[in-house]
Amino acid sequence: MLLIGMFDSPFVRRVAITMKLLELPFEHGNWSVGKDFERIRNYNPLGRVPTLVTNDGEKLMESGAILDYLDELVGPERALLPRAGAERRQALNLMAMATGAAEKGLLQVYERVFRPESRRHQPWVDRCRLQMSSSLAAIDRYMGERGVAQWLVGKRMTQADITAVCAFTFLNDTLRVAEDEVMFQSLALLVARCEAMPAFQETRVPFFVPNG
Ligand SMILES: N[C@@H](CCC(=O)N[C@@H](CS)C(=O)NCC(=O)O)C(=O)O
């Protein structure tokens, strides 16, 4: 399989980590959405990453859809999203908050990278930051309320953990969220534990923010 996109993207990274954890070998198309835009558009009309080319030549886009395919490939026993019921709903909710926070973070970064300073609208940036921080705080509270549990959902690592960790690390690299008035302590502990694992370390590429 060919996974297109750089690991500094939390969306690409959650797919790469999943493939490593599920022992699904892949080639890495380490292409930039900036300078390799046209090359990426040959595989995805939106020019977005991640895009996955399967062994059958099918082109899949959207990290959520790709993760769904990978879970199907390995079967229900090894799938990283709980199969059904309350655990599945909790995991999907947590993933929605984590990817939502990452998107709100990305909008703030793009505001800084693409928009001239005189055209920036601070109330919009503040709104994004509030949405991002509130989502991270909700995940953090959720983890805190789990007490001695190691993972966000159930008794083993799920896609909720992988996605939350990728989002938090990305947001900390780009926007230093851990320095916010909310400290996200429970989430930060989960992040530290996961980031020490080989699948996370092998995909750890800090995001470069010009003027960051
Ligand atoms: N909802 C998408 C988000 C993917 C996304 O935003 N990717 C960014 C990189 S972090 C991208 O391709 N940006 C270029 C663009 O949208 O033009 C997913 O989960 O795959």
# chains A, B, ... in the order shown; residues from 1 in each chain; ligands from 1
$ residues_around --residues "region 9-25 of chain A" --least-positions-apart "3" --cutoff "6 Å" --atoms "only C-alpha atoms" --output "list of chain:residue names"
A:Gly5, A:Pro50, A:Ser63, A:Thr163, A:Cys166, A:Ala167, A:Ala199
$ closest_atom_pairs --of "chain A" --to "ligand 1" --cutoff "9 Å" --atoms "only C-alpha atoms and all ligand atoms" --output "CSV"
residue,atom,partner,partner_atom_place_in_ligand_line,distance
A:Gly5,CA,ligand 1,9 (C),7.6
A:Met6,CA,ligand 1,9 (C),8.1
A:Phe7,CA,ligand 1,10 (S),8.9
A:Asp8,CA,ligand 1,10 (S),7.4
A:Ser9,CA,ligand 1,10 (S),4.1
A:Pro10,CA,ligand 1,10 (S),6.2
A:Phe11,CA,ligand 1,19 (O),5.2
A:Val12,CA,ligand 1,20 (O),7.1
A:Ser32,CA,ligand 1,12 (O),8.7
A:Val33,CA,ligand 1,14 (C),5.4
A:Gly34,CA,ligand 1,14 (C),7.6
A:Phe37,CA,ligand 1,17 (O),8.3
A:Leu46,CA,ligand 1,17 (O),7.1
A:Gly47,CA,ligand 1,17 (O),6.0
A:Arg48,CA,ligand 1,12 (O),3.3
A:Val49,CA,ligand 1,12 (O),4.1
A:Pro50,CA,ligand 1,20 (O),5.4
A:Thr51,CA,ligand 1,20 (O),7.7
A:Met61,CA,ligand 1,20 (O),6.4
A:Glu62,CA,ligand 1,20 (O),3.5
A:Ser63,CA,ligand 1,20 (O),3.9
A:Gly64,CA,ligand 1,19 (O),5.8
A:Ala65,CA,ligand 1,20 (O),8.2
A:Ile66,CA,ligand 1,20 (O),8.4
A:Thr99,CA,ligand 1,19 (O),7.2
A:Gly100,CA,ligand 1,1 (N),8.9
A:Ala102,CA,ligand 1,10 (S),8.5
A:Glu103,CA,ligand 1,6 (O),6.7
A:Leu106,CA,ligand 1,10 (S),7.1
$ closest_atom_pairs --of "region 18-104 of chain A" --to "region 127-146 of chain A" --cutoff "8 Å" --atoms "only C-alpha atoms" --output "CSV"
residue,atom,partner,partner_atom,distance
A:Leu94,CA,A:Ile139,CA,6.6
A:Met97,CA,A:Ser135,CA,5.4
A:Ala98,CA,A:Ser135,CA,6.9
A:Gly100,CA,A:Met132,CA,7.3
A:Ala101,CA,A:Met132,CA,4.2
A:Ala102,CA,A:Met132,CA,7.2
A:Lys104,CA,A:Cys128,CA,5.2
$ closest_residue --among "A:Asp173, A:Pro76, A:Ala160, A:Pro116" --to "Gln90 (chain A)" --atoms "only C-alpha atoms"
A:Ala160
$ closest_residue --among "A:Glu87, A:Trp151, A:Gly57, A:Thr174" --to "Tyr110 (chain A)" --atoms "only C-alpha atoms"
A:Thr174
$ atom_distance --atom1 "CA of Val148 (chain A)" --atom2 "CA of Glu77 (chain A)"
24.6 Å
$ closest_residue --among "A:Leu92, A:Ala164, A:Leu175, A:Leu152" --to "Arg112 (chain A)" --atoms "only C-alpha atoms"
A:Leu175
$ select_by_dssp --residues "region 27-113 of chain A" --states "strand (DSSP E or B)" --output "ChimeraX atom specification"
/A:27-29,51-53,59-61
$ select_by_dssp --residues "region 30-121 of chain A" --states "alpha helix (DSSP H)" --output "PyMOL selection string"
chain A and resi 37-41+63-74+85-114
$ residues_around --residues "Gln159 (chain A)" --least-positions-apart "5" --cutoff "8 Å" --atoms "only C-alpha atoms" --output "MDAnalysis selection string"
chainID A and resid 18 80:81 91 95
$ atom_distance --atom1 "CA of Phe170 (chain A)" --atom2 "CA of Pro198 (chain A)"
17.6 Å
$ closest_residue --among "A:Ala196, A:Leu73, A:Leu189, A:Ala96" --to "Ala149 (chain A)" --atoms "only C-alpha atoms"
A:Leu189
$ atom_distance --atom1 "CA of Val113 (chain A)" --atom2 "CA of Leu171 (chain A)"
15.2 Å
$ closest_residue --among "A:Gly154, A:Ile162, A:Val74, A:Lys59" --to "Ala86 (chain A)" --atoms "only C-alpha atoms"
A:Gly154
